[in-house]
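Trainee: Handing you this structure, nothing more for now.
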Amino acid sequence: LPPLPPDPLDYVGNGPPTYAPEPTALPPADPDDLDDLVADTVLDGAHYGACTLRAVSLRGDSARYRGEPRRDSLLTARFGTGDHALVLVAMATGARATPNAHRAAAEACHWIGRAVGRSHPRLAEDIRAARRGDLKSGLHRLTDRSLGKLRASAAEQGIEPEEYAATLRCLLLPADPECRTRVFFGVGGGGLFRLRDGEWQDIEPRVTDATGEPVVGFGSLPAETPEGDRLTMDLGITTPPSPYDPSPDPPRELFRFRASVARPGDTLLMCTGGLADPLRGEPELAAHLTARWSGSEPPGLATFLADTQVRVKGYADDRTAAGVWEA
């Protein structure tokens, strides 16, 4: 039998982090607004089609020490039933050093959840039919519209838009076991990684990328000509009306999109900057998660939590992550 992967660690790197490994101070509570409280950690999971989902959002060491609320928000939702169902994972991070960061992040997740939920039959159909153009333009507009709601909310509160803003990162996972297309979209920083054959691949799409790896049937242009010229220029052509929603105001942020076909044995990891930054910056963390997640079975919820909260000195932000294990 192969050796068992190493046990979860408290930290990796050249020394222990400054802060304690467990929560200390709770955020202040308003007795007339208890719905505004945010749990230190949320954990979720599911199994649909060919994939197993694990998702977590936990308060960073700094916020735990200072008694500040988690400004990351996580939403996992299933829309529809049977093989036509669509699973959405959305995560958002509110703007740093703003008092309403946790509210803005939660609102961003809720708005995109409503938008995707109302459009889920068409989205699921487009994913199965590999209609890349419709998916990209439709999701772009849903994202712009959802983040536009944050700007409207800021205006209603009488604060500047940058004080009530959030990054937003989403995965769409079809429940159809015959469909292995996985769709990522969003705005703002974070990470998208794939563990394949024991090696981590950083597949975060550049804002000029069309799709990442081509999806069979999408009819995408090649990434470059035989002479090596990249085919990523923006010709400024107006996008046709979306099948999902009316055209919103001009986008304020750069949109990221990737649609690719998963292989059996792949692990896809979408995360906010709190995990993406140490995963890129500390090779020992990447090596540890490779050892933990290269087995034949996906981790249970408690194990996934233990793995994702392995700390690295110098990285104390909230961490939100969703892992997808392909059967």
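Letters for chains follow the order of the structure tokens (A, B, ...), residue numbers begin at 1 for each chain, and ligand numbers begin at 1 in the order shown.
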If you run DSSP on this backbone, which residues of region 47-278 of chain A come out as helix (DSSP H, G or I), and could you give them as a VMD selection string?
Mentor: chain A and resid 61 to 66 82 to 84 101 to 128 132 to 157 161 to 163 273 to 278
Trainee: Which residues are close to Val56 (chain A), i.e. within 6 Å by only C-alpha atoms, leaving aside same-chain residues fewer than 6 positions away? Reply as a compact mmCIF listing (two decimals) with N, CA, C and O atoms, in the first residue's frame.
Mentor:
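Result went into around-v8.txt, see below:
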# COMPACT_ATOMS: atom_id res chain seq x y z
N VAL A 42 -16.92 29.00 8.14
CA VAL A 42 -18.04 28.26 7.55
C VAL A 42 -17.47 27.16 6.66
O VAL A 42 -16.41 27.33 6.05
N LEU A 43 -18.16 26.04 6.62
CA LEU A 43 -17.67 24.85 5.93
C LEU A 43 -18.82 24.19 5.19
O LEU A 43 -19.92 24.08 5.74
N THR A 320 -10.57 31.89 1.92
CA THR A 320 -11.77 31.22 1.41
C THR A 320 -11.34 30.38 0.22
O THR A 320 -10.62 30.85 -0.66
N ALA A 321 -11.77 29.13 0.20
CA ALA A 321 -11.32 28.20 -0.84
C ALA A 321 -12.40 27.20 -1.18
O ALA A 321 -13.19 26.80 -0.32
Trainee: Report as a list of chain:residue names all protein, DNA and RNA residues lying within 7 Å of Ala25 (chain A), evaluated on only C-alpha atoms, omitting residues in the same chain fewer than 6 positions from it.
Mentor: A:Arg64, A:Tyr65, A:Arg66, A:Gly67
Trainee: Contacts of Pro69 (chain A) at 10 Å or less, counting only C-alpha atoms, minus same-chain residues fewer than 3 places along, as number ranges by chain?
Mentor: A: 25-28, 36-40, 59-60, 63-64, 66, 72, 99-103, 318
Trainee: Residues of the last selection are to be written out with C-alpha atoms, as a PDB file, in the first residue's frame.
Mentor:
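Final output, saved to part-v2.pdb:
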ATOM      1  CA  ALA A  25     -11.355  38.043  20.123  1.00  0.00           C
ATOM      2  CA  LEU A  26     -14.929  38.094  18.813  1.00  0.00           C
ATOM      3  CA  PRO A  27     -16.125  41.019  16.685  1.00  0.00           C
ATOM      4  CA  PRO A  28     -18.307  43.564  18.499  1.00  0.00           C
ATOM      5  CA  ASP A  36     -24.848  41.305  10.878  1.00  0.00           C
ATOM      6  CA  LEU A  37     -22.603  38.931  12.846  1.00  0.00           C
ATOM      7  CA  VAL A  38     -20.264  36.755  10.759  1.00  0.00           C
ATOM      8  CA  ALA A  39     -19.104  33.329  11.966  1.00  0.00           C
ATOM      9  CA  ASP A  40     -15.351  32.792  12.293  1.00  0.00           C
ATOM     10  CA  ARG A  59     -11.140  34.389   9.460  1.00  0.00           C
ATOM     11  CA  GLY A  60      -7.491  35.299   9.107  1.00  0.00           C
ATOM     12  CA  ALA A  63      -8.774  39.582  12.203  1.00  0.00           C
ATOM     13  CA  ARG A  64      -9.000  36.881  14.888  1.00  0.00           C
ATOM     14  CA  ARG A  66      -8.039  42.203  16.517  1.00  0.00           C
ATOM     15  CA  ASP A  72     -14.522  37.095   3.079  1.00  0.00           C
ATOM     16  CA  PRO A  99     -16.116  49.090   8.269  1.00  0.00           C
ATOM     17  CA  ASN A 100     -18.644  47.485   5.921  1.00  0.00           C
ATOM     18  CA  ALA A 101     -16.283  45.063   4.164  1.00  0.00           C
ATOM     19  CA  HIS A 102     -18.109  41.946   5.408  1.00  0.00           C
ATOM     20  CA  ARG A 103     -21.472  43.360   4.321  1.00  0.00           C
ATOM     21  CA  ASP A 318      -8.984  35.627   5.631  1.00  0.00           C
TER      22      ASP A 318
END
Trainee: Please provide as a PyMOL selection string all residues within 8 Å of His110 (chain A), with the sequence filter that same-chain residues fewer than 4 positions apart are discarded (counting only C-alpha atoms).
Mentor: chain A and resi 75+106+114
Trainee: Can you tell me how far CA of Arg169 (chain A) sits from CA of Ala92 (chain A), in Å to one decimal?
Mentor: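 Going from CA of Arg169 (chain A) over to CA of Ala92 (chain A), I get 6.3 Å.
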Trainee: Quick one, how far is CA of Ala152 (chain A) from CA of Met270 (chain A)?
Mentor: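 Between CA of Ala152 (chain A) and CA of Met270 (chain A) the gap is 27.9 Å.
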Trainee: Taking into account only C-alpha atoms, which residue in the set A:Ser119, A:Thr81, A:Ser153, A:Ser296 is nearest to Gly138 (chain A)?
Mentor: A:Ser119
Trainee: Nearest to Leu254 (chain A) among A:Asp197, A:Asp144, A:Glu160, A:Asp266, with distances taken over only C-alpha atoms: which residue is it?
Mentor: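 Of A:Asp197, A:Asp144, A:Glu160, A:Asp266, the one nearest Leu254 (chain A) is A:Asp144, counting only C-alpha atoms.
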Trainee: When you count only C-alpha atoms, which of these residues is closest to Ala322 (chain A): A:Leu172, A:Val89, A:Leu305, A:Ala20?
Mentor: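 Closest to Ala322 (chain A), using only C-alpha atoms: A:Val89.
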Trainee: If you count only C-alpha atoms, which residues fall within 7 Å of Asp317 (chain A), apart from same-chain ones fewer than 2 positions away, as a list in words?
Mentor: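 Neighbouring residues, sequence-local ones excluded: Gly60, Asp61, Ser62, Gly274, Tyr315 and Arg319 of chain A.
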Trainee: Generate the output file for the selected residues, N, CA and C atoms, as a PDB file, in the first residue's frame.
Mentor:
ATOM      1  N   GLY A  60      -8.944  35.293   9.062  1.00  0.00           N
ATOM      2  CA  GLY A  60      -7.491  35.299   9.107  1.00  0.00           C
ATOM      3  C   GLY A  60      -6.957  35.554  10.506  1.00  0.00           C
ATOM      4  N   ASP A  61      -5.681  35.233  10.717  1.00  0.00           N
ATOM      5  CA  ASP A  61      -5.055  35.392  12.030  1.00  0.00           C
ATOM      6  C   ASP A  61      -5.149  36.826  12.535  1.00  0.00           C
ATOM      7  N   SER A  62      -4.957  37.788  11.652  1.00  0.00           N
ATOM      8  CA  SER A  62      -4.979  39.192  12.062  1.00  0.00           C
ATOM      9  C   SER A  62      -6.367  39.594  12.561  1.00  0.00           C
ATOM     10  N   GLY A 274      -6.208  35.409   0.312  1.00  0.00           N
ATOM     11  CA  GLY A 274      -5.665  34.943   1.576  1.00  0.00           C
ATOM     12  C   GLY A 274      -5.016  33.577   1.498  1.00  0.00           C
ATOM     13  N   TYR A 315       1.426  35.890   6.241  1.00  0.00           N
ATOM     14  CA  TYR A 315       0.151  35.838   5.524  1.00  0.00           C
ATOM     15  C   TYR A 315      -0.958  35.639   6.562  1.00  0.00           C
ATOM     16  N   ARG A 319      -9.110  33.436   4.641  1.00  0.00           N
ATOM     17  CA  ARG A 319      -8.927  32.450   3.567  1.00  0.00           C
ATOM     18  C   ARG A 319     -10.281  31.856   3.200  1.00  0.00           C
TER      19      ARG A 319
END
Trainee: May I have a table of the residues of region 9-83 of chain A lying at most 8 Å from region 299-303 of chain A, giving each one's closest pair of atoms and their distance in Å to one decimal, counting only C-alpha atoms, ordered by chain and ascending residue number, as CSV?
Mentor:
residue,atom,partner,partner_atom,distance
A:Leu43,CA,A:Leu301,CA,7.1
A:Asp44,CA,A:Leu301,CA,7.1
A:Gly45,CA,A:Leu301,CA,6.9
A:Arg54,CA,A:Leu301,CA,6.6
Trainee: So which residues touch Gly15 (chain A) within 9 Å, counting only C-alpha atoms, skipping near sequence neighbours fewer than 3 positions away, as JSON, numbers by chain?
Mentor: {"A": [11, 12, 312, 313]}
Trainee: Hey, can you check how far CA of Phe193 (chain A) sits from CA of Gly13 (chain A)?
Mentor: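 It comes out at 20.4 Å.
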Trainee: Point out the residue among A:Ile203, A:Pro21, A:Phe79, A:Leu88 with the least atom-to-atom distance to Arg118 (chain A), counting only C-alpha atoms.
Mentor: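 Ranking A:Ile203, A:Pro21, A:Phe79, A:Leu88 by distance to Arg118 (chain A), first place goes to A:Phe79.
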Trainee: From the list A:Lys136, A:His288, A:Tyr48, A:Gly94, which residue is nearest Ser73 (chain A) when using only C-alpha atoms?
Mentor: A:Gly94
